[in-house]
file entry_14.pdb (PDB, C-alpha atoms)
ATOM      1  CA  MET W  25     -10.516 -11.933  22.982
ATOM      2  CA  ALA W  26     -12.912  -9.235  23.998
ATOM      3  CA  SER W  27     -10.278  -6.517  23.725
ATOM      4  CA  ALA W  28      -9.566  -7.512  20.128
ATOM      5  CA  ASN W  29     -13.146  -7.078  18.967
ATOM      6  CA  ALA W  30     -12.531  -4.075  16.739
ATOM      7  CA  THR W  31      -9.125  -5.103  15.432
ATOM      8  CA  THR W  32      -8.284  -7.900  13.078
ATOM      9  CA  ILE W  33      -5.028  -9.632  13.973
ATOM     10  CA  ILE W  34      -3.090 -11.915  11.695
ATOM     11  CA  GLY W  35      -0.941 -13.687  14.282
ATOM     12  CA  ARG W  36       2.793 -14.259  13.951
ATOM     13  CA  ASP W  37       2.379 -17.981  13.172
ATOM     14  CA  THR W  38      -0.324 -17.425  10.604
ATOM     15  CA  ARG W  39       0.022 -17.340   6.832
ATOM     16  CA  VAL W  40      -2.702 -15.673   4.813
ATOM     17  CA  ARG W  41      -2.826 -15.846   1.033
ATOM     18  CA  ALA W  42      -5.892 -13.857   0.255
ATOM     19  CA  ARG W  43      -7.587 -10.623  -0.510
ATOM     20  CA  VAL W  44      -8.375  -8.941   2.788
ATOM     21  CA  THR W  45     -10.989  -6.196   2.699
ATOM     22  CA  GLY W  46     -13.079  -4.375   5.257
ATOM     23  CA  ALA W  47     -13.596  -1.278   7.341
ATOM     24  CA  SER W  48     -11.796  -1.893  10.614
ATOM     25  CA  ASP W  49      -8.179  -1.898  11.785
ATOM     26  CA  VAL W  50      -5.810  -4.716  10.884
ATOM     27  CA  GLU W  51      -2.625  -5.739  12.655
ATOM     28  CA  VAL W  52      -0.323  -8.072  10.764
ATOM     29  CA  GLN W  53       2.190 -10.002  12.866
ATOM     30  CA  GLY W  54       2.576 -12.951  10.499
ATOM     31  CA  HIS W  55       2.698 -13.522   6.756
ATOM     32  CA  LEU W  56       0.278 -11.983   4.296
ATOM     33  CA  GLU W  57       0.305 -12.476   0.547
ATOM     34  CA  GLY W  58      -2.259 -10.940  -1.774
ATOM     35  CA  GLU W  59      -4.031  -7.675  -1.157
ATOM     36  CA  LEU W  60      -4.987  -5.689   1.924
ATOM     37  CA  THR W  61      -7.601  -2.951   1.576
ATOM     38  CA  VAL W  62      -9.233  -1.587   4.712
ATOM     39  CA  GLY W  63     -10.862   1.606   5.881
ATOM     40  CA  GLY W  64      -9.032   1.715   9.203
ATOM     41  CA  GLU W  65      -5.447   1.569  10.314
ATOM     42  CA  VAL W  66      -2.990  -1.107   9.235
ATOM     43  CA  ARG W  67      -0.170  -1.962  11.624
ATOM     44  CA  VAL W  68       2.680  -4.112  10.375
ATOM     45  CA  THR W  69       4.693  -5.404  13.335
ATOM     46  CA  GLU W  70       8.383  -6.404  13.492
ATOM     47  CA  THR W  71       7.618 -10.087  12.900
ATOM     48  CA  ALA W  72       5.429  -9.512   9.852
ATOM     49  CA  THR W  73       6.345 -10.335   6.267
ATOM     50  CA  ILE W  74       3.946  -8.972   3.686
ATOM     51  CA  ALA W  75       3.877  -9.396  -0.060
ATOM     52  CA  ALA W  76       0.833  -7.347  -0.895
ATOM     53  CA  ASP W  77      -0.358  -3.917  -1.892
ATOM     54  CA  ILE W  78      -1.823  -2.145   1.124
ATOM     55  CA  ARG W  79      -4.519   0.505   1.026
ATOM     56  CA  ALA W  80      -5.817   2.004   4.250
ATOM     57  CA  ARG W  81      -6.620   5.230   6.023
ATOM     58  CA  ARG W  82      -3.349   5.026   7.924
ATOM     59  CA  ILE W  83      -0.408   2.617   7.734
ATOM     60  CA  VAL W  84       2.240   2.071  10.402
ATOM     61  CA  VAL W  85       5.096  -0.219   9.392
ATOM     62  CA  ARG W  86       7.716  -1.844  11.630
ATOM     63  CA  GLY W  87       8.174  -5.003   9.553
ATOM     64  CA  ALA W  88       8.869  -6.049   5.982
ATOM     65  CA  VAL W  89       6.552  -5.171   3.108
ATOM     66  CA  ARG W  90       6.975  -5.908  -0.583
ATOM     67  CA  GLY W  91       4.226  -3.999  -2.348
ATOM     68  CA  ASP W  92       2.808  -0.524  -2.742
ATOM     69  CA  LEU W  93       1.518   1.420   0.246
ATOM     70  CA  ASN W  94      -1.347   3.856  -0.233
ATOM     71  CA  ALA W  95      -2.945   5.737   2.639
ATOM     72  CA  ASP W  96      -5.651   8.401   2.779
ATOM     73  CA  GLU W  97      -4.101  10.080   5.825
ATOM     74  CA  ALA W  98      -0.556   9.082   6.657
ATOM     75  CA  ILE W  99       2.118   6.421   6.356
ATOM     76  CA  LEU W 100       4.631   5.996   9.173
ATOM     77  CA  LEU W 101       7.681   3.870   8.460
ATOM     78  CA  GLU W 102       9.268   3.263  11.827
ATOM     79  CA  ASP W 103      12.497   1.670  13.002
ATOM     80  CA  GLY W 104      12.710  -1.833  11.549
ATOM     81  CA  ALA W 105      10.489  -1.103   8.549
ATOM     82  CA  LYS W 106      11.672  -2.546   5.243
ATOM     83  CA  VAL W 107       9.544  -1.462   2.325
ATOM     84  CA  VAL W 108      10.162  -2.409  -1.282
ATOM     85  CA  GLY W 109       7.499  -0.612  -3.272
ATOM     86  CA  ASP W 110       5.919   2.768  -3.802
ATOM     87  CA  VAL W 111       4.720   4.835  -0.849
ATOM     88  CA  ARG W 112       1.936   7.352  -1.375
ATOM     89  CA  ALA W 113       0.036   9.382   1.228
ATOM     90  CA  PRO W 114      -0.712  13.018   2.122
ATOM     91  CA  ARG W 115       1.823  12.626   4.926
ATOM     92  CA  VAL W 116       4.728  10.186   4.865
ATOM     93  CA  ALA W 117       7.170   9.844   7.752
ATOM     94  CA  ILE W 118      10.285   7.693   7.619
ATOM     95  CA  ALA W 119      11.880   7.302  11.035
ATOM     96  CA  PRO W 120      15.600   6.543  11.553
ATOM     97  CA  GLY W 121      16.043   2.842  10.879
ATOM     98  CA  GLY W 122      13.240   2.687   8.327
ATOM     99  CA  LEU W 123      14.352   1.362   4.935
ATOM    100  CA  VAL W 124      12.583   2.095   1.660
ATOM    101  CA  LYS W 125      13.282   1.131  -1.899
ATOM    102  CA  GLY W 126      10.734   2.714  -4.175
ATOM    103  CA  TYR W 127       8.973   5.901  -5.177
ATOM    104  CA  VAL W 128       7.692   8.070  -2.346
ATOM    105  CA  GLU W 129       5.024  10.689  -2.939
ATOM    106  CA  THR W 130       3.435  12.971  -0.360
ATOM    107  CA  GLY W 131       0.421  15.252  -0.781
ATOM    108  CA  HIS W 132       0.160  17.419  -3.918
ATOM    109  CA  ALA W 133      -0.386  20.647  -1.928
ATOM    110  CA  GLY W 134       3.040  20.255  -0.325
ATOM    111  CA  GLU W 135       4.689  19.845  -3.700
ATOM    112  CA  GLY W 136       3.186  23.075  -5.027
ATOM    113  CA  LYS W 137       4.411  25.065  -1.999
ATOM    114  CA  ARG W 138       7.862  23.560  -2.258
ATOM    115  CA  ALA W 139       8.103  24.483  -5.935
ATOM    116  CA  SER W 140       7.181  28.148  -5.327
ATOM    117  CA  HIS W 141       9.557  28.361  -2.344
ATOM    118  CA  SER W 142      12.434  26.990  -4.328
ATOM    119  CA  THR W 143      11.916  29.477  -7.162
ATOM    120  CA  ALA W 144      11.693  32.352  -4.663
ATOM    121  CA  THR W 145      14.853  31.286  -2.861
ATOM    122  CA  ARG W 146      16.632  30.860  -6.152
ATOM    123  CA  ALA W 147      15.656  34.349  -7.309
ATOM    124  CA  ALA W 148      16.609  36.153  -4.079
ATOM    125  CA  PRO W 149      20.033  34.903  -2.884
ATOM    126  CA  ALA W 150      21.711  34.829  -6.269
ATOM    127  CA  PRO W 151      22.178  38.614  -6.727
ATOM    128  CA  VAL W 152      22.578  39.440  -2.983
ATOM    129  CA  ARG W 153      26.068  38.726  -1.715
ATOM    130  CA  HIS W 154      25.699  40.109   1.851
ATOM    131  CA  ALA W 155      22.407  38.433   2.554
ATOM    132  CA  PRO W 156      22.340  37.693   6.320
ATOM    133  CA  PRO W 157      23.401  41.081   7.850
ATOM    134  CA  ALA W 158      21.567  43.549   5.595
ATOM    135  CA  LYS W 159      18.165  42.175   4.822
ATOM    136  CA  ALA W 160      16.585  45.608   4.452
ATOM    137  CA  HIS W 161      18.933  46.476   1.591
ATOM    138  CA  ALA W 162      18.561  43.128   0.048
ATOM    139  CA  PRO W 163      15.307  43.745  -1.849
ATOM    140  CA  ALA W 164      16.488  47.040  -3.275
ATOM    141  CA  LYS W 165      19.743  45.513  -4.352
ATOM    142  CA  ALA W 166      17.939  42.518  -5.573
ATOM    143  CA  HIS W 167      15.606  44.688  -7.593
ATOM    144  CA  ALA W 168      18.417  46.819  -8.893
ATOM    145  CA  ASN W 169      20.445  43.794  -9.722
ATOM    146  CA  ALA W 170      17.446  42.087 -11.184
ATOM    147  CA  LYS W 171      16.733  45.144 -13.348
ATOM    148  CA  ALA W 172      20.347  45.413 -14.303
ATOM    149  CA  HIS W 173      20.392  41.749 -15.061
ATOM    150  CA  ALA W 174      17.184  42.034 -16.964
ATOM    151  CA  ASN W 175      18.546  44.948 -18.991
ATOM    152  CA  ALA W 176      21.808  43.193 -19.481
ATOM    153  CA  LYS W 177      19.977  40.084 -20.476
ATOM    154  CA  ALA W 178      17.756  42.081 -22.782
ATOM    155  CA  HIS W 179      20.773  43.689 -24.374
ATOM    156  CA  THR W 180      22.780  40.551 -24.502
ATOM    157  CA  ASN W 181      19.769  38.668 -25.692
ATOM    158  CA  ALA W 182      18.927  41.284 -28.279
ATOM    159  CA  LYS W 183      22.376  41.304 -29.771
ATOM    160  CA  PRO W 184      22.895  37.605 -29.976
ATOM    161  CA  LYS W 185      19.343  37.172 -31.180
ATOM    162  CA  GLY W 186      20.042  39.326 -34.166
ATOM    163  CA  ARG W 187      23.334  37.651 -34.783
ATOM    164  CA  GLY W 188      21.953  34.314 -33.947
ATOM    165  CA  MET W 189      19.068  34.812 -36.294
ATOM    166  CA  THR W 190      21.266  35.864 -39.126
ATOM    167  CA  LEU W 191      23.801  33.243 -38.302
ATOM    168  CA  ALA W 192      21.166  30.631 -37.910
ATOM    169  CA  GLY W 193      19.406  31.873 -41.002
ATOM    170  CA  GLY W 194      22.673  31.867 -42.871
ATOM    171  CA  LYS W 195      23.839  28.543 -41.595
ATOM    172  CA  ALA W 196      21.006  26.354 -40.617
ATOM    173  CA  PRO W 197      18.292  26.546 -43.287
ATOM    174  CA  PRO W 198      20.408  26.341 -46.419
ATOM    175  CA  PRO W 199      22.115  23.094 -45.508
ATOM    176  CA  VAL W 200      19.058  21.393 -44.070
ATOM    177  CA  VAL W 201      16.120  22.285 -46.256
ATOM    178  CA  PRO W 202      17.692  22.584 -49.682
ATOM    179  CA  VAL W 203      19.749  19.470 -49.184
ATOM    180  CA  LEU W 204      16.616  17.575 -48.321
ATOM    181  CA  LYS W 205      14.785  19.065 -51.273
ATOM    182  CA  LYS W 206      17.681  18.517 -53.553
ATOM    183  CA  GLY W 207      18.236  15.070 -52.170
ATOM    184  CA  THR W 208      14.636  14.047 -52.453
ATOM    185  CA  LYS W 209      14.268  15.589 -55.863
ATOM    186  CA  ALA W 210      17.509  14.023 -56.953
ATOM    187  CA  ALA W 211      16.458  10.705 -55.493
ATOM    188  CA  LEU W 212      13.057  10.940 -57.132
ATOM    189  CA  THR W 213      14.497  11.929 -60.479
ATOM    190  CA  LYS W 214      17.122   9.210 -60.179
ATOM    191  CA  ARG W 215      14.453   6.677 -59.347
ATOM    192  CA  ARG W 216      12.300   7.890 -62.189
TER
ATOM    193  CA  MET J  27      -5.807 -15.870  24.066
ATOM    194  CA  ALA J  28      -6.333 -15.866  20.411
ATOM    195  CA  SER J  29      -3.411 -15.091  18.169
ATOM    196  CA  THR J  30      -5.237 -14.476  14.941
ATOM    197  CA  VAL J  31      -8.483 -12.549  14.914
ATOM    198  CA  ILE J  32     -10.515 -11.805  11.826
ATOM    199  CA  GLY J  33     -12.623  -8.871  12.931
ATOM    200  CA  ALA J  34     -16.299  -8.284  12.322
ATOM    201  CA  ASN J  35     -15.880  -5.827   9.451
ATOM    202  CA  ILE J  36     -13.225  -7.796   7.593
ATOM    203  CA  THR J  37     -13.535 -10.096   4.607
ATOM    204  CA  ILE J  38     -10.771 -12.498   3.678
ATOM    205  CA  GLU J  39     -10.975 -14.157   0.280
ATOM    206  CA  GLY J  40      -8.244 -16.750   0.003
ATOM    207  CA  GLU J  41      -6.560 -19.061   2.426
ATOM    208  CA  VAL J  42      -5.625 -18.646   6.041
ATOM    209  CA  ILE J  43      -3.090 -21.077   7.467
ATOM    210  CA  ALA J  44      -2.320 -20.635  11.159
ATOM    211  CA  ASP J  45      -0.083 -22.479  13.578
ATOM    212  CA  GLU J  46      -2.106 -20.938  16.369
ATOM    213  CA  ASP J  47      -5.645 -20.115  17.440
ATOM    214  CA  VAL J  48      -7.973 -18.395  15.015
ATOM    215  CA  VAL J  49     -11.067 -16.427  15.936
ATOM    216  CA  VAL J  50     -13.426 -15.451  13.141
ATOM    217  CA  GLN J  51     -15.856 -12.608  13.730
ATOM    218  CA  GLY J  52     -15.990 -11.463  10.104
ATOM    219  CA  THR J  53     -16.057 -13.277   6.776
ATOM    220  CA  VAL J  54     -13.691 -15.902   5.395
ATOM    221  CA  ARG J  55     -14.051 -17.388   1.931
ATOM    222  CA  GLY J  56     -11.657 -20.024   0.651
ATOM    223  CA  LYS J  57      -9.768 -22.120   3.139
ATOM    224  CA  LEU J  58      -9.180 -21.898   6.861
ATOM    225  CA  SER J  59      -6.641 -24.159   8.458
ATOM    226  CA  ALA J  60      -5.300 -23.921  11.995
ATOM    227  CA  LYS J  61      -3.124 -26.138  14.143
ATOM    228  CA  ASP J  62      -4.920 -24.995  17.252
ATOM    229  CA  GLY J  63      -8.437 -23.974  18.068
ATOM    230  CA  VAL J  64     -10.868 -22.346  15.685
ATOM    231  CA  THR J  65     -13.685 -20.187  16.978
ATOM    232  CA  VAL J  66     -16.378 -18.940  14.632
ATOM    233  CA  GLU J  67     -18.297 -16.384  16.611
ATOM    234  CA  SER J  68     -21.916 -15.465  16.278
ATOM    235  CA  GLY J  69     -22.358 -13.198  13.278
ATOM    236  CA  ALA J  70     -19.318 -14.561  11.473
ATOM    237  CA  VAL J  71     -19.593 -16.089   8.001
ATOM    238  CA  VAL J  72     -17.219 -18.830   6.899
ATOM    239  CA  GLU J  73     -17.578 -20.152   3.369
ATOM    240  CA  ALA J  74     -14.575 -22.410   3.464
ATOM    241  CA  ASP J  75     -13.282 -25.803   4.368
ATOM    242  CA  VAL J  76     -12.170 -25.534   7.957
ATOM    243  CA  SER J  77      -9.576 -27.748   9.620
ATOM    244  CA  GLY J  78      -7.847 -27.496  12.952
ATOM    245  CA  GLY J  79      -7.926 -28.480  16.598
ATOM    246  CA  PRO J  80     -10.828 -27.881  18.958
ATOM    247  CA  MET J  81     -13.584 -25.915  17.241
ATOM    248  CA  THR J  82     -16.353 -23.792  18.597
ATOM    249  CA  LEU J  83     -18.867 -22.792  15.975
ATOM    250  CA  ALA J  84     -21.539 -20.209  16.731
ATOM    251  CA  GLY J  85     -21.769 -18.463  13.383
ATOM    252  CA  GLN J  86     -22.522 -19.517   9.831
ATOM    253  CA  VAL J  87     -20.242 -22.140   8.300
ATOM    254  CA  THR J  88     -20.601 -23.506   4.775
ATOM    255  CA  GLY J  89     -17.961 -26.116   4.017
ATOM    256  CA  ASN J  90     -16.417 -29.237   5.393
ATOM    257  CA  VAL J  91     -15.185 -29.112   8.959
ATOM    258  CA  THR J  92     -12.327 -31.361  10.055
ATOM    259  CA  SER J  93     -10.959 -31.362  13.566
ATOM    260  CA  THR J  94      -8.280 -33.411  15.311
ATOM    261  CA  ASP J  95     -10.133 -32.804  18.557
ATOM    262  CA  ARG J  96     -13.719 -31.771  19.177
ATOM    263  CA  VAL J  97     -16.311 -29.764  17.282
ATOM    264  CA  GLU J  98     -18.943 -27.881  19.206
ATOM    265  CA  LEU J  99     -21.951 -26.444  17.401
ATOM    266  CA  GLN J 100     -23.414 -23.841  19.693
ATOM    267  CA  SER J 101     -26.951 -22.562  19.736
ATOM    268  CA  GLY J 102     -27.504 -20.205  16.823
ATOM    269  CA  ALA J 103     -24.836 -21.825  14.661
ATOM    270  CA  ARG J 104     -25.713 -22.627  11.045
ATOM    271  CA  VAL J 105     -23.467 -25.289   9.601
ATOM    272  CA  VAL J 106     -23.838 -26.809   6.134
ATOM    273  CA  GLY J 107     -21.186 -29.390   5.319
ATOM    274  CA  ASN J 108     -19.612 -32.556   6.537
ATOM    275  CA  VAL J 109     -18.089 -32.650   9.981
ATOM    276  CA  LYS J 110     -15.256 -35.029  10.817
ATOM    277  CA  ALA J 111     -13.916 -35.038  14.356
ATOM    278  CA  ALA J 112     -13.141 -37.238  17.336
ATOM    279  CA  ARG J 113     -15.978 -35.710  19.333
ATOM    280  CA  ILE J 114     -18.922 -33.658  18.201
ATOM    281  CA  THR J 115     -21.536 -31.850  20.234
ATOM    282  CA  ILE J 116     -24.540 -30.098  18.776
ATOM    283  CA  ALA J 117     -26.338 -27.717  21.080
ATOM    284  CA  ASP J 118     -30.089 -27.286  21.091
ATOM    285  CA  GLY J 119     -30.906 -24.500  18.635
ATOM    286  CA  ALA J 120     -28.000 -25.152  16.285
ATOM    287  CA  HIS J 121     -28.797 -25.651  12.593
ATOM    288  CA  PHE J 122     -26.842 -28.394  10.906
ATOM    289  CA  LYS J 123     -27.006 -30.105   7.527
ATOM    290  CA  GLY J 124     -24.348 -32.624   6.579
ATOM    291  CA  ASN J 125     -22.633 -35.861   7.416
ATOM    292  CA  VAL J 126     -21.036 -36.555  10.730
ATOM    293  CA  ASP J 127     -17.921 -38.698  10.827
ATOM    294  CA  MET J 128     -16.665 -39.743  14.268
ATOM    295  CA  ASP J 129     -14.263 -42.531  15.187
ATOM    296  CA  VAL J 130     -16.824 -45.136  16.221
TER
END
call {"tool": "encode", "arguments": {"input": "entry_14.pdb", "output": "structure tokens"}}
result
Amino acid sequence: MASANATTIIGRDTRVRARVTGASDVEVQGHLEGELTVGGEVRVTETATIAADIRARRIVVRGAVRGDLNADEAILLEDGAKVVGDVRAPRVAIAPGGLVKGYVETGHAGEGKRASHSTATRAAPAPVRHAPPAKAHAPAKAHANAKAHANAKAHTNAKPKGRGMTLAGGKAPPPVVPVLKKGTKAALTKRR
Amino acid sequence: MASTVIGANITIEGEVIADEDVVVQGTVRGKLSAKDGVTVESGAVVEADVSGGPMTLAGQVTGNVTSTDRVELQSGARVVGNVKAARITIADGAHFKGNVDMDV
């Protein structure tokens, strides 16, 4: 008993249908239905079945949870975890054997970095065909290719733009706008 | 060896149904039902009907208390509600307001 002073334990033969709030750590071994919001760490053991949204500083799951998980620090879904719901935290780890059905979102900073990396990687390898052996030549080639591409694009863009404009101007506006005007006018005059 | 522990900084609003021991150090509002022992420690607040086996109450309990075994109100306990149990002991220094129902 004394060792469990700081931690709240919902034992494996206990069913709780309630809103659980507080500041300390909570370990769920049994059944919890409702809402679990604590400032400490939430541990969901293998025997636990939870139907509740969980908010905590840190969440470690080895059991079954139906509900959204939100953590200020990290969420660890370990072997045996079954989560049906959304998972949001700055750091989310899903170990082999952890099952999730839902939307997973990690920290926003990570997303920004990933986006910039992906654009960079997309820009670089595309023009460079011999990428791994000659990295020193790669930028020059890349630049040259990029410029060439840019010029080509500019040219190709310029030409089709002109054509496109004329074509579009020739094709698109006359059928759309006049027809509408004619139609509406015709309809109006017919109605009148 | 307690199986379910409601820690000092935790509030539970709803019902707790346990087939094992329950120790309350924090706050429980609603209903608390255990098949085994219930311990409400000093500093704990229980605003609920409590039922279970042997009970040791040292904290604040507002609600009816029903036990299949014994109920022990320790010194410092504040209990408001009816107590129904086979055996009841009230220690010197325990506050109690309510009916007592024992098998006489």
call {"tool": "resolve_selection", "arguments": {"input": "entry_14.pdb", "expression": "the ChimeraX specification (/J :<7) & /W", "output": "list in words"}}
result
Met25, Asn29, Ala30, Thr31, Thr32, Ile33, Ile34, Gly35, Asp37, Thr38, Arg39, Val40, Arg41, Ala42, Arg43, Val44, Thr45, Gly46, Ala47 and Ser48 of chain W
call {"tool": "closest_residue", "arguments": {"input": "entry_14.pdb", "among": "W:Ala72, W:Val50, W:Val89, W:Val107", "to": "Leu123 in chain W", "atoms": "only C-alpha atoms"}}
result
W:Val107
call {"tool": "resolve_selection", "arguments": {"input": "entry_14.pdb", "expression": "the PyMOL selection byres ((chain J and resi 120) around 8)", "output": "ChimeraX atom specification"}}
result
/J:99-104,116-119,121-122
call {"tool": "atom_distance", "arguments": {"input": "entry_14.pdb", "atom1": "CA of Thr73 in chain W", "atom2": "CA of Glu97 in chain W"}}
result
22.9 Å
call {"tool": "resolve_selection", "arguments": {"input": "entry_14.pdb", "expression": "the PyMOL selection byres ((chain J and resi 79) around 6)", "output": "list in words"}}
result
Lys61, Asp62, Gly63, Gly78, Pro80, Ser93, Thr94 and Asp95 of chain J
call {"tool": "closest_residue", "arguments": {"input": "entry_14.pdb", "among": "W:Ile74, W:Val128, W:Ala119, W:Leu56", "to": "Asn94 in chain W", "atoms": "all atoms listed in the file"}}
result
W:Val128
call {"tool": "residues_around", "arguments": {"input": "entry_14.pdb", "residues": "Ile83 in chain W", "least_positions_apart": "6", "cutoff": "12 Å", "atoms": "all atoms listed in the file", "output": "PyMOL selection string"}}
result
chain W and resi 49-52+60-69+77+89+92-102+105+111-118
call {"tool": "atom_distance", "arguments": {"input": "entry_14.pdb", "atom1": "CA of Met128 in chain J", "atom2": "CA of Lys110 in chain J"}}
result
6.0 Å
call {"tool": "atom_distance", "arguments": {"input": "entry_14.pdb", "atom1": "CA of Thr65 in chain J", "atom2": "CA of Asn108 in chain J"}}
result
17.2 Å
call {"tool": "decode", "arguments": {"input": "entry_14.pdb", "residues": "range 108-126 of chain J", "atoms": "N, CA, C and O atoms", "output": "PDB file, in the first residue's frame"}}
result
ATOM      1  N   ASN J 108     -25.818   6.888   6.865  1.00  0.00           N
ATOM      2  CA  ASN J 108     -26.233   5.708   7.597  1.00  0.00           C
ATOM      3  C   ASN J 108     -25.235   4.581   7.380  1.00  0.00           C
ATOM      4  O   ASN J 108     -24.734   4.396   6.271  1.00  0.00           O
ATOM      5  N   VAL J 109     -24.997   3.852   8.452  1.00  0.00           N
ATOM      6  CA  VAL J 109     -24.039   2.746   8.374  1.00  0.00           C
ATOM      7  C   VAL J 109     -24.770   1.448   8.686  1.00  0.00           C
ATOM      8  O   VAL J 109     -25.428   1.320   9.720  1.00  0.00           O
ATOM      9  N   LYS J 110     -24.680   0.512   7.767  1.00  0.00           N
ATOM     10  CA  LYS J 110     -25.301  -0.805   7.943  1.00  0.00           C
ATOM     11  C   LYS J 110     -24.226  -1.866   7.814  1.00  0.00           C
ATOM     12  O   LYS J 110     -23.552  -1.947   6.780  1.00  0.00           O
ATOM     13  N   ALA J 111     -24.031  -2.632   8.888  1.00  0.00           N
ATOM     14  CA  ALA J 111     -22.979  -3.649   8.859  1.00  0.00           C
ATOM     15  C   ALA J 111     -23.215  -4.653   9.974  1.00  0.00           C
ATOM     16  O   ALA J 111     -24.016  -4.407  10.891  1.00  0.00           O
ATOM     17  N   ALA J 112     -22.547  -5.796   9.873  1.00  0.00           N
ATOM     18  CA  ALA J 112     -22.661  -6.806  10.921  1.00  0.00           C
ATOM     19  C   ALA J 112     -22.022  -6.308  12.217  1.00  0.00           C
ATOM     20  O   ALA J 112     -22.556  -6.495  13.303  1.00  0.00           O
ATOM     21  N   ARG J 113     -20.871  -5.675  12.073  1.00  0.00           N
ATOM     22  CA  ARG J 113     -20.160  -5.160  13.246  1.00  0.00           C
ATOM     23  C   ARG J 113     -19.670  -3.751  12.952  1.00  0.00           C
ATOM     24  O   ARG J 113     -19.190  -3.473  11.849  1.00  0.00           O
ATOM     25  N   ILE J 114     -19.786  -2.907  13.939  1.00  0.00           N
ATOM     26  CA  ILE J 114     -19.338  -1.523  13.754  1.00  0.00           C
ATOM     27  C   ILE J 114     -18.516  -1.105  14.975  1.00  0.00           C
ATOM     28  O   ILE J 114     -18.927  -1.326  16.113  1.00  0.00           O
ATOM     29  N   THR J 115     -17.371  -0.523  14.713  1.00  0.00           N
ATOM     30  CA  THR J 115     -16.606   0.076  15.808  1.00  0.00           C
ATOM     31  C   THR J 115     -16.354   1.534  15.476  1.00  0.00           C
ATOM     32  O   THR J 115     -16.069   1.883  14.330  1.00  0.00           O
ATOM     33  N   ILE J 116     -16.500   2.365  16.498  1.00  0.00           N
ATOM     34  CA  ILE J 116     -16.225   3.791  16.331  1.00  0.00           C
ATOM     35  C   ILE J 116     -15.140   4.168  17.333  1.00  0.00           C
ATOM     36  O   ILE J 116     -15.335   4.054  18.544  1.00  0.00           O
ATOM     37  N   ALA J 117     -14.022   4.595  16.805  1.00  0.00           N
ATOM     38  CA  ALA J 117     -12.894   4.932  17.678  1.00  0.00           C
ATOM     39  C   ALA J 117     -13.129   6.293  18.321  1.00  0.00           C
ATOM     40  O   ALA J 117     -13.861   7.137  17.785  1.00  0.00           O
ATOM     41  N   ASP J 118     -12.477   6.483  19.449  1.00  0.00           N
ATOM     42  CA  ASP J 118     -12.519   7.780  20.127  1.00  0.00           C
ATOM     43  C   ASP J 118     -11.883   8.829  19.213  1.00  0.00           C
ATOM     44  O   ASP J 118     -10.787   8.618  18.682  1.00  0.00           O
ATOM     45  N   GLY J 119     -12.598   9.919  18.967  1.00  0.00           N
ATOM     46  CA  GLY J 119     -12.050  10.957  18.091  1.00  0.00           C
ATOM     47  C   GLY J 119     -12.621  10.902  16.688  1.00  0.00           C
ATOM     48  O   GLY J 119     -12.282  11.735  15.857  1.00  0.00           O
ATOM     49  N   ALA J 120     -13.485   9.920  16.429  1.00  0.00           N
ATOM     50  CA  ALA J 120     -14.131   9.855  15.116  1.00  0.00           C
ATOM     51  C   ALA J 120     -15.426  10.658  15.151  1.00  0.00           C
ATOM     52  O   ALA J 120     -16.160  10.615  16.142  1.00  0.00           O
ATOM     53  N   HIS J 121     -15.686  11.404  14.081  1.00  0.00           N
ATOM     54  CA  HIS J 121     -16.941  12.162  13.979  1.00  0.00           C
ATOM     55  C   HIS J 121     -17.933  11.332  13.181  1.00  0.00           C
ATOM     56  O   HIS J 121     -17.595  10.811  12.114  1.00  0.00           O
ATOM     57  N   PHE J 122     -19.154  11.241  13.707  1.00  0.00           N
ATOM     58  CA  PHE J 122     -20.136  10.413  13.016  1.00  0.00           C
ATOM     59  C   PHE J 122     -21.532  10.990  13.209  1.00  0.00           C
ATOM     60  O   PHE J 122     -21.915  11.367  14.311  1.00  0.00           O
ATOM     61  N   LYS J 123     -22.267  11.099  12.103  1.00  0.00           N
ATOM     62  CA  LYS J 123     -23.654  11.546  12.172  1.00  0.00           C
ATOM     63  C   LYS J 123     -24.466  10.656  11.253  1.00  0.00           C
ATOM     64  O   LYS J 123     -24.252  10.640  10.037  1.00  0.00           O
ATOM     65  N   GLY J 124     -25.380   9.880  11.828  1.00  0.00           N
ATOM     66  CA  GLY J 124     -26.200   9.007  10.996  1.00  0.00           C
ATOM     67  C   GLY J 124     -26.736   7.837  11.788  1.00  0.00           C
ATOM     68  O   GLY J 124     -26.471   7.696  12.984  1.00  0.00           O
ATOM     69  N   ASN J 125     -27.518   7.031  11.122  1.00  0.00           N
ATOM     70  CA  ASN J 125     -28.091   5.852  11.762  1.00  0.00           C
ATOM     71  C   ASN J 125     -27.128   4.691  11.682  1.00  0.00           C
ATOM     72  O   ASN J 125     -26.376   4.566  10.704  1.00  0.00           O
ATOM     73  N   VAL J 126     -27.219   3.858  12.702  1.00  0.00           N
ATOM     74  CA  VAL J 126     -26.433   2.630  12.704  1.00  0.00           C
ATOM     75  C   VAL J 126     -27.394   1.456  12.649  1.00  0.00           C
ATOM     76  O   VAL J 126     -28.365   1.395  13.402  1.00  0.00           O
TER      77      VAL J 126
END
